[in-house]
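Engineer: Input file: structure.txt. Contents: compact mmCIF, C-alpha atoms.
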```txt
# COMPACT_ATOMS: atom_id res chain seq x y z
CA MET A 839 80.48 -203.31 72.31
CA ARG A 840 81.46 -199.82 73.32
CA SER A 841 84.98 -200.88 74.33
CA THR A 842 85.36 -202.79 71.04
CA VAL A 843 84.27 -199.80 69.00
CA ARG A 844 86.48 -197.50 71.02
CA GLY A 845 89.45 -199.83 70.52
CA ALA A 846 88.86 -200.17 66.80
CA LEU A 847 88.52 -196.44 66.34
CA ALA A 848 91.61 -195.83 68.44
CA THR A 849 93.60 -198.24 66.30
CA ALA A 850 92.28 -196.70 63.08
CA VAL A 851 93.08 -193.18 64.19
CA ALA A 852 96.46 -194.20 65.51
CA LEU A 853 97.34 -195.95 62.23
CA ALA A 854 96.17 -192.92 60.30
CA CYS A 855 98.36 -190.70 62.40
CA VAL A 856 101.33 -193.02 62.17
CA GLY A 857 100.77 -193.47 58.43
CA GLY A 858 100.83 -189.74 57.89
CA PHE A 859 104.00 -189.26 59.87
CA THR A 860 105.71 -192.26 58.26
CA SER A 861 105.11 -190.87 54.78
CA ALA A 862 106.71 -187.64 55.83
CA ALA A 863 109.59 -189.52 57.38
CA VAL A 864 110.23 -191.51 54.20
CA ALA A 865 110.19 -188.36 52.13
CA ASP A 866 112.49 -186.45 54.43
CA LYS A 867 114.42 -189.49 55.62
CA HIS A 868 114.19 -187.96 59.06
CA PRO A 869 111.67 -189.88 61.31
CA THR A 870 109.37 -187.50 63.18
CA VAL A 871 107.85 -188.41 66.57
CA PRO A 872 104.22 -187.19 67.08
CA THR A 873 103.97 -184.39 69.53
CA LYS A 874 101.98 -184.78 72.74
CA SER A 875 99.29 -182.40 71.44
CA GLN A 876 98.89 -184.50 68.30
CA VAL A 877 98.49 -187.69 70.36
CA ASP A 878 96.02 -185.97 72.68
CA GLN A 879 94.01 -184.73 69.68
CA ALA A 880 93.92 -188.24 68.18
CA LYS A 881 92.70 -189.65 71.49
CA ALA A 882 90.07 -186.93 71.76
CA ASN A 883 88.80 -187.71 68.25
CA VAL A 884 88.51 -191.40 69.13
CA THR A 885 86.72 -190.60 72.39
CA LYS A 886 84.30 -188.29 70.58
CA LYS A 887 83.48 -190.92 67.97
CA ALA A 888 82.98 -193.55 70.66
CA GLY A 889 80.75 -191.14 72.52
CA ASP A 890 78.73 -190.49 69.37
CA VAL A 891 78.22 -194.22 68.80
CA ALA A 892 77.13 -194.77 72.40
CA SER A 893 74.73 -191.85 72.18
CA ILE A 894 73.19 -193.15 68.97
CA GLN A 895 72.80 -196.65 70.39
CA ALA A 896 71.13 -195.20 73.48
CA ALA A 897 68.75 -193.23 71.24
CA LEU A 898 67.92 -196.45 69.38
CA VAL A 899 67.04 -198.15 72.67
CA VAL A 900 64.75 -195.24 73.58
CA ALA A 901 63.11 -195.40 70.15
CA ASN A 902 62.47 -199.14 70.50
CA ASN A 903 60.96 -198.61 73.95
CA ARG A 904 58.66 -195.89 72.62
CA LEU A 905 57.58 -198.17 69.79
CA GLU A 906 56.83 -201.02 72.19
CA GLN A 907 54.91 -198.78 74.59
CA ALA A 908 52.78 -197.37 71.77
CA GLY A 909 51.95 -200.88 70.60
CA ASP A 910 51.12 -202.01 74.12
CA LYS A 911 48.75 -199.10 74.71
CA ALA A 912 46.99 -199.78 71.42
CA GLU A 913 46.60 -203.46 72.26
CA GLU A 914 45.24 -202.69 75.73
CA ALA A 915 42.68 -200.36 74.14
CA SER A 916 41.77 -203.09 71.66
CA GLU A 917 41.17 -205.67 74.39
CA ALA A 918 39.14 -203.13 76.37
CA TYR A 919 36.91 -202.78 73.32
CA ASN A 920 36.71 -206.57 72.95
CA GLY A 921 35.64 -206.72 76.59
CA ALA A 922 32.94 -204.11 76.04
CA VAL A 923 31.60 -206.05 73.05
CA TRP A 924 31.58 -209.27 75.09
CA HIS A 925 29.71 -207.61 77.97
CA LEU A 926 27.29 -206.08 75.48
CA GLN A 927 26.60 -209.50 73.96
CA LEU A 928 25.84 -210.87 77.43
CA ALA A 929 23.59 -207.88 78.11
CA LYS A 930 21.70 -208.40 74.85
CA ALA A 931 21.13 -212.05 75.72
CA ALA A 932 19.92 -211.06 79.21
CA THR A 933 17.61 -208.42 77.74
CA THR A 934 16.08 -210.87 75.28
CA LYS A 935 15.52 -213.38 78.08
CA ALA A 936 14.04 -210.73 80.39
CA LEU A 937 11.68 -209.41 77.73
CA ALA A 938 10.48 -212.95 76.99
CA ALA A 939 9.93 -213.54 80.70
CA ALA A 940 8.02 -210.27 81.05
CA LYS A 941 5.84 -211.14 78.05
CA ALA A 942 5.08 -214.61 79.47
CA ALA A 943 4.32 -213.16 82.91
CA THR A 944 1.97 -210.57 81.42
CA ALA A 945 0.18 -213.31 79.47
CA HIS A 946 -0.16 -215.31 82.69
CA VAL A 947 -1.79 -212.32 84.40
CA ALA A 948 -4.28 -212.03 81.54
CA THR A 949 -5.08 -215.72 81.87
CA GLU A 950 -5.65 -215.44 85.60
CA ARG A 951 -7.83 -212.36 85.12
CA ALA A 952 -9.98 -214.21 82.56
CA GLY A 953 -10.20 -217.16 84.94
CA ILE A 954 -11.52 -214.98 87.74
CA ALA A 955 -14.14 -213.48 85.43
CA ALA A 956 -15.23 -216.93 84.30
CA LEU A 957 -15.43 -218.13 87.89
CA ALA A 958 -17.58 -215.13 88.86
CA VAL A 959 -19.99 -215.87 86.02
CA GLN A 960 -20.08 -219.53 87.01
CA SER A 961 -20.86 -218.62 90.61
CA TYR A 962 -23.70 -216.35 89.58
CA SER A 963 -25.15 -219.02 87.27
CA ASP A 964 -25.09 -221.61 90.05
CA GLY A 965 -27.05 -219.27 92.33
CA THR A 966 -24.32 -219.19 94.86
CA SER A 967 -25.14 -215.54 95.46
CA LEU A 968 -28.73 -216.26 96.70
CA ALA A 969 -29.64 -214.96 100.06
CA GLY A 970 -29.92 -217.41 102.93
CA VAL A 971 -33.69 -216.92 103.42
CA THR A 972 -34.38 -217.62 99.76
CA ALA A 973 -32.36 -220.78 100.03
CA LEU A 974 -34.18 -222.03 103.14
CA LEU A 975 -37.63 -221.35 101.61
CA GLY A 976 -36.80 -222.91 98.33
CA PRO A 977 -38.46 -226.04 97.02
CA GLY A 978 -35.71 -228.33 98.23
CA GLY A 979 -36.11 -227.44 101.86
CA PRO A 980 -33.34 -227.54 104.44
CA ALA A 981 -31.39 -230.35 102.78
CA ASP A 982 -31.12 -228.42 99.53
CA ALA A 983 -30.17 -225.36 101.50
CA MET A 984 -27.16 -227.18 102.99
CA ASN A 985 -26.03 -228.21 99.53
CA ARG A 986 -26.30 -224.62 98.41
CA VAL A 987 -24.21 -223.52 101.40
CA ASP A 988 -21.51 -226.00 100.39
CA VAL A 989 -21.57 -224.66 96.84
CA VAL A 990 -21.26 -221.10 98.09
CA GLU A 991 -18.30 -221.97 100.32
CA SER A 992 -16.64 -223.95 97.56
CA ALA A 993 -17.10 -221.11 95.10
CA ALA A 994 -15.74 -218.61 97.59
CA SER A 995 -12.74 -220.83 98.23
CA SER A 996 -12.08 -221.24 94.51
CA MET A 997 -12.47 -217.51 93.96
CA LYS A 998 -9.96 -216.73 96.71
CA ALA A 999 -7.46 -219.26 95.39
CA ARG A 1000 -7.79 -217.90 91.88
CA PHE A 1001 -7.40 -214.34 93.10
CA ASP A 1002 -4.26 -215.31 95.04
CA GLU A 1003 -2.83 -216.80 91.85
CA TYR A 1004 -3.74 -213.63 89.98
CA ALA A 1005 -2.05 -211.46 92.62
CA ALA A 1006 1.09 -213.60 92.53
CA ALA A 1007 1.16 -213.52 88.73
CA SER A 1008 0.74 -209.75 88.76
CA ALA A 1009 3.66 -209.35 91.18
CA LEU A 1010 5.85 -211.60 89.03
CA ALA A 1011 4.86 -209.67 85.91
CA LYS A 1012 5.78 -206.36 87.53
CA ALA A 1013 9.14 -207.78 88.66
CA ALA A 1014 9.83 -209.27 85.22
CA THR A 1015 8.92 -206.00 83.50
CA LYS A 1016 11.14 -204.04 85.86
CA LYS A 1017 14.05 -206.41 85.21
CA ALA A 1018 13.53 -206.16 81.46
CA GLU A 1019 13.57 -202.36 81.69
CA ALA A 1020 16.74 -202.47 83.79
CA ASP A 1021 18.40 -204.87 81.34
CA GLN A 1022 17.43 -202.66 78.44
CA ALA A 1023 18.92 -199.62 80.21
CA LYS A 1024 22.11 -201.58 80.93
CA GLN A 1025 22.30 -202.65 77.30
CA ALA A 1026 21.95 -199.05 76.16
CA GLU A 1027 24.69 -198.01 78.59
CA LEU A 1028 27.02 -200.77 77.38
CA THR A 1029 26.28 -199.86 73.77
CA THR A 1030 27.45 -196.32 74.45
CA GLU A 1031 30.52 -197.59 76.32
CA ALA A 1032 31.41 -199.99 73.49
CA ALA A 1033 31.18 -197.17 70.96
CA HIS A 1034 33.45 -195.00 73.13
CA LEU A 1035 35.99 -197.80 73.54
CA ARG A 1036 35.82 -198.58 69.83
CA ASP A 1037 36.75 -194.97 69.06
CA SER A 1038 39.48 -195.09 71.69
CA ALA A 1039 40.93 -198.29 70.23
CA ALA A 1040 40.90 -196.79 66.74
CA ALA A 1041 42.62 -193.64 67.99
CA GLN A 1042 45.27 -195.59 69.90
CA ALA A 1043 45.93 -197.80 66.89
CA LYS A 1044 46.29 -194.73 64.67
CA THR A 1045 48.65 -193.13 67.17
CA ALA A 1046 50.70 -196.32 67.43
CA GLN A 1047 50.95 -196.58 63.65
CA SER A 1048 51.97 -192.92 63.34
CA GLN A 1049 54.59 -193.35 66.05
CA ALA A 1050 55.83 -196.54 64.39
CA THR A 1051 56.33 -194.67 61.11
CA ALA A 1052 58.07 -191.76 62.84
CA ILE A 1053 60.25 -194.01 64.97
CA ALA A 1054 61.17 -196.14 61.96
CA ALA A 1055 62.36 -192.98 60.20
CA GLN A 1056 64.25 -191.93 63.33
CA LYS A 1057 65.91 -195.33 63.62
CA SER A 1058 66.88 -195.28 59.96
CA GLN A 1059 68.51 -191.88 60.41
CA LEU A 1060 70.29 -193.00 63.57
CA ILE A 1061 71.59 -196.17 61.92
CA THR A 1062 72.81 -194.17 58.93
CA GLN A 1063 74.66 -191.85 61.30
CA LEU A 1064 75.96 -194.88 63.21
CA ALA A 1065 77.29 -196.35 59.98
CA ALA A 1066 79.09 -193.10 59.19
CA ASP A 1067 80.61 -192.92 62.66
CA GLN A 1068 81.72 -196.56 62.51
CA LYS A 1069 82.85 -196.17 58.89
CA ILE A 1070 80.80 -199.16 57.73
CA SER A 1071 77.93 -199.62 55.27
CA VAL A 1072 74.36 -198.85 56.32
CA ALA A 1073 73.43 -202.48 55.61
CA LEU A 1074 76.14 -203.71 57.96
CA ALA A 1075 75.18 -201.15 60.60
CA THR A 1076 71.55 -202.28 60.34
CA GLN A 1077 72.57 -205.92 60.65
CA ARG A 1078 74.74 -205.16 63.67
CA GLN A 1079 71.96 -203.15 65.32
CA GLN A 1080 69.45 -205.95 64.81
CA ALA A 1081 71.92 -208.42 66.25
CA LEU A 1082 72.50 -206.20 69.28
CA GLU A 1083 68.76 -205.84 69.83
CA ALA A 1084 68.28 -209.60 69.52
CA ILE A 1085 71.03 -210.24 72.05
CA ALA A 1086 69.57 -207.67 74.45
CA ALA A 1087 66.09 -209.20 74.07
CA ALA A 1088 67.46 -212.68 74.68
CA LYS A 1089 69.26 -211.54 77.82
CA ALA A 1090 66.16 -209.78 79.10
CA ALA A 1091 64.04 -212.84 78.39
CA ALA A 1092 66.52 -215.11 80.16
CA ALA A 1093 66.56 -212.82 83.19
CA ALA A 1094 62.75 -212.68 83.28
CA ALA A 1095 62.53 -216.46 82.92
CA ALA A 1096 65.00 -216.96 85.75
CA LYS A 1097 63.01 -214.58 87.94
CA ALA A 1098 59.77 -216.38 87.11
CA ARG A 1099 61.33 -219.78 87.84
CA ALA A 1100 62.62 -218.52 91.18
CA ALA A 1101 59.16 -217.21 92.07
CA ALA A 1102 57.56 -220.50 91.03
CA GLU A 1103 60.08 -222.50 93.08
CA ALA A 1104 59.46 -220.30 96.10
CA ALA A 1105 55.72 -220.76 95.73
CA ALA A 1106 56.16 -224.53 95.38
CA GLN A 1107 58.33 -224.67 98.48
CA ALA A 1108 55.78 -222.63 100.43
CA ALA A 1109 52.99 -224.94 99.28
CA ALA A 1110 55.04 -228.02 100.23
CA ALA A 1111 55.77 -226.56 103.66
CA LYS A 1112 52.09 -225.78 104.19
CA LYS A 1113 51.13 -229.31 103.17
CA ALA A 1114 53.71 -230.76 105.54
CA ASN A 1115 52.36 -228.66 108.41
CA GLU A 1116 48.82 -229.77 107.63
CA ALA A 1117 49.95 -233.39 107.58
CA LYS A 1118 51.48 -232.98 111.04
CA GLY A 1119 48.18 -231.57 112.23
CA GLY A 1120 46.32 -234.67 111.07
CA SER A 1121 44.55 -233.09 108.09
CA SER A 1122 44.02 -235.31 105.08
CA ASP A 1123 44.62 -234.57 101.43
CA ASN A 1124 43.03 -236.94 98.97
CA SER A 1125 43.97 -234.95 95.88
CA ALA A 1126 46.79 -237.39 95.11
CA GLY A 1127 44.21 -239.97 94.14
CA ASP A 1128 42.66 -237.70 91.52
CA PRO A 1129 44.18 -238.37 88.10
CA GLY A 1130 43.16 -234.90 86.88
CA ASP A 1131 44.56 -233.76 83.57
CA ASP A 1132 47.52 -236.13 83.74
CA SER A 1133 45.36 -239.19 83.13
CA PRO A 1134 46.20 -240.89 79.80
CA THR A 1135 42.73 -240.32 78.32
CA THR A 1136 42.69 -236.60 79.08
CA GLN A 1137 46.31 -236.19 77.98
CA VAL A 1138 45.68 -237.69 74.56
CA ALA A 1139 42.44 -235.75 73.98
CA THR A 1140 44.00 -232.48 75.08
CA THR A 1141 47.11 -233.04 72.96
CA ALA A 1142 45.06 -233.82 69.83
CA ALA A 1143 42.93 -230.70 70.25
CA ALA A 1144 45.97 -228.59 71.08
CA ALA A 1145 47.82 -229.90 68.02
CA ARG A 1146 45.01 -228.68 65.75
CA ALA A 1147 44.97 -225.31 67.52
CA ILE A 1148 48.74 -224.93 67.23
CA ALA A 1149 48.78 -225.98 63.57
CA PHE A 1150 46.17 -223.35 62.75
CA ALA A 1151 48.03 -220.63 64.69
CA ARG A 1152 51.27 -221.44 62.89
CA ARG A 1153 49.57 -221.00 59.53
CA GLN A 1154 48.85 -217.39 60.54
CA LEU A 1155 52.52 -216.47 61.00
CA GLY A 1156 53.37 -213.22 59.25
CA LYS A 1157 49.79 -211.92 59.13
CA MET A 1158 49.49 -208.42 60.52
CA TYR A 1159 47.83 -207.39 63.77
CA LEU A 1160 44.55 -205.49 63.54
CA TRP A 1161 42.55 -204.49 66.59
CA ALA A 1162 39.28 -206.40 67.10
CA ALA A 1163 40.14 -208.70 64.15
CA ALA A 1164 39.52 -212.45 64.16
CA GLY A 1165 40.85 -213.46 60.75
CA PRO A 1166 41.20 -214.61 58.18
CA ASP A 1167 43.96 -212.19 57.14
CA ARG A 1168 44.33 -209.98 60.22
CA TRP A 1169 44.31 -210.87 63.92
CA ASP A 1170 44.35 -209.43 67.39
CA CYS A 1171 45.62 -211.48 70.32
CA SER A 1172 42.35 -212.99 71.57
CA GLY A 1173 40.95 -213.32 68.06
CA LEU A 1174 43.86 -215.58 67.14
CA THR A 1175 43.57 -217.83 70.21
CA MET A 1176 39.77 -217.96 69.88
CA VAL A 1177 39.75 -219.15 66.27
CA ALA A 1178 42.77 -221.42 66.76
CA TRP A 1179 41.04 -223.28 69.57
CA GLN A 1180 37.84 -223.52 67.54
CA GLN A 1181 39.85 -225.91 65.38
CA GLY A 1182 40.34 -228.00 68.52
CA GLY A 1183 36.60 -228.05 69.22
CA VAL A 1184 36.69 -225.47 72.01
CA SER A 1185 34.56 -222.31 71.98
CA LEU A 1186 36.16 -219.24 73.57
CA PRO A 1187 35.06 -215.58 73.73
CA HIS A 1188 36.85 -212.89 71.71
CA TYR A 1189 38.22 -211.31 74.87
CA SER A 1190 41.37 -212.35 76.74
CA ALA A 1191 40.04 -211.83 80.28
CA ALA A 1192 36.90 -213.84 79.47
CA GLN A 1193 39.02 -216.59 77.91
CA TYR A 1194 40.94 -216.94 81.17
CA ALA A 1195 37.70 -216.94 83.18
CA GLU A 1196 36.25 -219.79 81.12
CA ILE A 1197 39.18 -222.23 81.08
CA GLU A 1198 41.03 -224.32 83.64
CA HIS A 1199 43.63 -222.35 85.60
CA ILE A 1200 47.10 -223.90 85.85
CA GLY A 1201 50.59 -222.94 87.02
CA VAL A 1202 53.58 -222.06 84.87
CA ASP A 1203 55.18 -225.45 85.63
CA ASP A 1204 52.08 -227.21 84.27
CA LEU A 1205 52.24 -225.57 80.84
CA ARG A 1206 51.83 -227.84 77.83
CA PRO A 1207 51.77 -226.93 74.13
CA GLY A 1208 48.44 -225.35 73.25
CA ASP A 1209 47.85 -223.83 76.69
CA LEU A 1210 47.16 -220.12 76.91
CA VAL A 1211 49.40 -217.55 78.57
CA PHE A 1212 48.00 -214.24 79.83
CA TRP A 1213 49.29 -210.82 80.86
CA GLY A 1214 47.51 -208.42 83.24
CA GLY A 1215 47.55 -206.98 86.73
CA SER A 1216 44.56 -209.11 87.80
CA PRO A 1217 42.20 -211.60 86.11
CA ASP A 1218 39.78 -208.73 85.43
CA THR A 1219 42.44 -206.57 83.79
CA ILE A 1220 44.07 -209.16 81.51
CA HIS A 1221 44.92 -207.44 78.24
CA HIS A 1222 47.02 -209.91 76.25
CA VAL A 1223 46.92 -213.64 75.51
CA ALA A 1224 49.23 -215.94 73.56
CA MET A 1225 49.44 -219.67 72.86
CA TYR A 1226 52.22 -221.72 74.46
CA LEU A 1227 54.34 -223.83 72.09
CA GLY A 1228 56.75 -225.42 74.57
CA GLY A 1229 60.29 -224.60 75.58
CA GLY A 1230 59.24 -221.20 76.88
CA MET A 1231 58.10 -220.08 73.41
CA ILE A 1232 54.72 -218.63 72.42
CA ILE A 1233 52.88 -217.76 69.24
CA GLN A 1234 50.92 -214.51 69.34
CA ALA A 1235 49.41 -211.56 67.53
CA PRO A 1236 51.50 -208.89 69.34
CA HIS A 1237 50.25 -205.35 68.67
CA THR A 1238 49.66 -202.68 66.05
CA GLY A 1239 52.43 -202.60 63.48
CA ALA A 1240 53.56 -206.17 64.18
CA ALA A 1241 52.76 -209.54 62.62
CA VAL A 1242 51.88 -212.89 64.18
CA ASP A 1243 55.18 -214.24 65.44
CA ILE A 1244 56.90 -216.76 67.69
CA GLU A 1245 59.10 -215.58 70.54
CA SER A 1246 59.96 -216.22 74.18
CA MET A 1247 57.06 -215.67 76.54
CA TYR A 1248 59.51 -213.63 78.62
CA ALA A 1249 60.57 -211.35 75.76
CA TRP A 1250 58.21 -208.62 76.96
CA GLU A 1251 57.66 -209.28 80.64
CA ALA A 1252 56.82 -212.35 82.69
CA PRO A 1253 53.25 -213.56 82.02
CA SER A 1254 50.76 -213.32 84.86
CA TYR A 1255 48.31 -216.21 84.36
CA PHE A 1256 48.11 -219.56 82.63
CA GLY A 1257 45.19 -221.69 81.52
CA ARG A 1258 44.16 -224.78 79.56
CA PRO A 1259 41.12 -224.79 77.24
```
With the file now loaded, output its structure as structure tokens.

Structural biologist:
Amino acid sequence: MRSTVRGALATAVALACVGGFTSAAVADKHPTVPTKSQVDQAKANVTKKAGDVASIQAALVVANNRLEQAGDKAEEASEAYNGAVWHLQLAKAATTKALAAAKAATAHVATERAGIAALAVQSYSDGTSLAGVTALLGPGGPADAMNRVDVVESAASSMKARFDEYAAASALAKAATKKAEADQAKQAELTTEAAHLRDSAAAQAKTAQSQATAIAAQKSQLITQLAADQKISVALATQRQQALEAIAAAKAAAAAAAKARAAAEAAAQAAAAKKANEAKGGSSDNSAGDPGDDSPTTQVATTAAAARAIAFARRQLGKMYLWAAAGPDRWDCSGLTMVAWQQGGVSLPHYSAAQYAEIEHIGVDDLRPGDLVFWGGSPDTIHHVAMYLGGGMIIQAPHTGAAVDIESMYAWEAPSYFGRP
């Protein structure tokens, strides 16, 4: 592009120069050859204009990168907040369960205590506390005394058993109460963390939106200047710039896809070599007999569910991103995939890392339409999710300032993880 612009400008300047001198020559009827200084000046003007265009285009690239980075940071903050909400929901459920367990354990202790009291009263009523001499001199004689001894021993045994149950119930109640208190403390801690991350997400989204507005103004000014330098309309300059950015994005996506394919092929070759070595060592692998997800029944069911999820996601195209949103008019990344897969009968959390944790993990070569594609340094730090459409394309809610769109899954950077709901 730079060489084309430089050539065009050189031609234009040269024609202008020649045109000027030709007019003079016609008037004077004495052709004048441009001096060396005039030619050098014309070349310098062309070089300067070409340099200006290159500088403006470089500034546009920087502006686009800043815009993308601001959006990415805002989306990461949003997913961090979604994660905090998800963990808080789990903590609330654990607290409710722990409190119920503590209440039941306390009630059990009260029951055991009442049982011991009743048993003590029963023992006293049966005379099991009579002294041995009284028993021997009683009206029943020795035989009755033996019966009374048996009753005493039986009562003592029952009392001990009941006391042991009471002690065990008390220990369980204390443990349950302690767990409930710990769960309540954890819930309070997560509530504070969620509030902090909510504020952080809001701040990042505001910053991203402010930067988007500022960068849009900067880009508009740069394109206007570019149009002036290229002596074309602003509309044409805008169209050209968008085309250049699309071409650059396509090239970057193709390069990322090629890199990912090479990595996948290397991994497959390593796995094949390992399997071959294991086979030589006599180890067996019966996984070939497992139909897995390629069985006809599973394939049809998965495809039907995925088709409903994809159809729903497509109907959201053009709706704007909003952090922590799950429809119907605004979406964040995990909100979109969560609600889309609800249409396929699958329940997923509103948190990309948790979505990956709860579904089947697959490789990039196993991707089918409807599968989910994730970005993150590790499974615990996943911060973006999109739905695979086939042919390397995804549908996603990208980030603040952008709408639900379809693009190459390599348009940003190669995805890290893949899964099937």

Engineer: Check which residues of stretch 917-964 of chain A sit at most 6 Å from stretch 1027-1041 of chain A using only C-alpha atoms, and return one row each with the closest pair of atoms and their distance in Å to one decimal, ordered by chain and rising number, as CSV.

Structural biologist:
```
residue,atom,partner,partner_atom,distance
A:Tyr919,CA,A:Leu1035,CA,5.1
A:Ala922,CA,A:Ala1032,CA,5.1
A:Leu926,CA,A:Leu1028,CA,5.6
```

Engineer: Could you name the residues that touch A:Lys930 at 12 Å or less, counting all atoms listed in the file, but leaving out those on the same chain fewer than 2 positions away, as number ranges by chain?

Structural biologist: A: 923-928, 932-937, 1018, 1020-1029

Engineer: Find the residues near stretch 1149-1155 of chain A: any atom within 9 Å, counting only C-alpha atoms, skip ones fewer than 3 places away on the same chain, and give them as an mmCIF file with C-alpha atoms, in the coordinates of the input.

Structural biologist:
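Output contents, as saved in around24.cif:
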```cif
data_model
loop_
_atom_site.group_PDB
_atom_site.id
_atom_site.type_symbol
_atom_site.label_atom_id
_atom_site.label_comp_id
_atom_site.auth_asym_id
_atom_site.auth_seq_id
_atom_site.Cartn_x
_atom_site.Cartn_y
_atom_site.Cartn_z
ATOM 1 C CA ALA A 1144 45.970 -228.590 71.080
ATOM 2 C CA ALA A 1145 47.820 -229.900 68.020
ATOM 3 C CA ARG A 1146 45.010 -228.680 65.750
ATOM 4 C CA MET A 1158 49.490 -208.420 60.520
ATOM 5 C CA GLY A 1165 40.850 -213.460 60.750
ATOM 6 C CA PRO A 1166 41.200 -214.610 58.180
ATOM 7 C CA ASP A 1167 43.960 -212.190 57.140
ATOM 8 C CA ARG A 1168 44.330 -209.980 60.220
ATOM 9 C CA TRP A 1169 44.310 -210.870 63.920
ATOM 10 C CA LEU A 1174 43.860 -215.580 67.140
ATOM 11 C CA THR A 1175 43.570 -217.830 70.210
ATOM 12 C CA VAL A 1177 39.750 -219.150 66.270
ATOM 13 C CA ALA A 1178 42.770 -221.420 66.760
ATOM 14 C CA TRP A 1179 41.040 -223.280 69.570
ATOM 15 C CA GLN A 1181 39.850 -225.910 65.380
ATOM 16 C CA MET A 1225 49.440 -219.670 72.860
ATOM 17 C CA ILE A 1233 52.880 -217.760 69.240
ATOM 18 C CA GLN A 1234 50.920 -214.510 69.340
ATOM 19 C CA ALA A 1235 49.410 -211.560 67.530
ATOM 20 C CA ALA A 1241 52.760 -209.540 62.620
ATOM 21 C CA VAL A 1242 51.880 -212.890 64.180
ATOM 22 C CA ASP A 1243 55.180 -214.240 65.440
ATOM 23 C CA ILE A 1244 56.900 -216.760 67.690
#
```

Engineer: Could you check the closest approach to A:Glu917 for each of A:Val1202, A:Ala1043, A:Ile1232, A:Ala1249 and tell me which residue wins, using all atoms listed in the file?

Structural biologist: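 For A:Glu917, the nearest of the candidates is A:Ala1043.
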
Engineer: In Å, with one decimal, what is the gap from atom CA of A:Gly1173 to atom CA of A:Leu905?

Structural biologist: 22.6 Å

Engineer: Identify which of the residues A:Ala1052, A:Phe1212, A:Ala1163, A:Gln1180 lies closest to A:Ile1200, counting only C-alpha atoms when measuring atom-to-atom distances.

Structural biologist: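 Closest residue, counting only C-alpha atoms: A:Phe1212.
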
Engineer: Go through A:Ala1195, A:Ala999, A:Val1223, A:Ala929 and flag the residue nearest A:Met1247, using all atoms listed in the file for the distances.

Structural biologist: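 Of A:Ala1195, A:Ala999, A:Val1223, A:Ala929, the one nearest A:Met1247, counting all atoms listed in the file, is A:Val1223.
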
Engineer: Quick one: distance from atom CA of A:Ala1110 to atom CA of A:Ala1092 in Å, one decimal?

Structural biologist: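 Calculated distance between atom CA of A:Ala1110 and atom CA of A:Ala1092 is 26.5 Å.
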
Engineer: Rounded to one decimal in Å, what is the spacing between atom CA of A:Ile1148 and atom CA of A:Gln1047?

Structural biologist: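 Taking atom CA of A:Ile1148 as the start and atom CA of A:Gln1047 as the end point, the length is 28.7 Å.
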
Engineer: With all atoms listed in the file as the atoms that count, which of A:Thr1015, A:Gln1107, A:Ile894, A:Ser1185 lies nearest to A:Ser1058?

Structural biologist: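 So, comparing all the options, the nearest one is A:Ile894.
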
Engineer: Do a neighbour search on A:Gln1193 at 9 Å with all atoms listed in the file, toss out local chain neighbours closer than 5 positions, and write the hits as an mmCIF file with C-alpha atoms, in the coordinates of the input.

Structural biologist:
```cif
data_model
loop_
_atom_site.group_PDB
_atom_site.id
_atom_site.type_symbol
_atom_site.label_atom_id
_atom_site.label_comp_id
_atom_site.auth_asym_id
_atom_site.auth_seq_id
_atom_site.Cartn_x
_atom_site.Cartn_y
_atom_site.Cartn_z
ATOM 1 C CA SER A 1172 42.350 -212.990 71.570
ATOM 2 C CA MET A 1176 39.770 -217.960 69.880
ATOM 3 C CA LEU A 1186 36.160 -219.240 73.570
ATOM 4 C CA PRO A 1187 35.060 -215.580 73.730
ATOM 5 C CA HIS A 1188 36.850 -212.890 71.710
ATOM 6 C CA LEU A 1210 47.160 -220.120 76.910
ATOM 7 C CA VAL A 1223 46.920 -213.640 75.510
ATOM 8 C CA GLY A 1257 45.190 -221.690 81.520
ATOM 9 C CA PRO A 1259 41.120 -224.790 77.240
#
```

Engineer: Using all atoms listed in the file for the distances, tell me which of A:Asp1209, A:Asp1067, A:Glu1083, A:Glu950 is nearest to A:Asn903.

Structural biologist: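 The closest residue to A:Asn903 is A:Glu1083.
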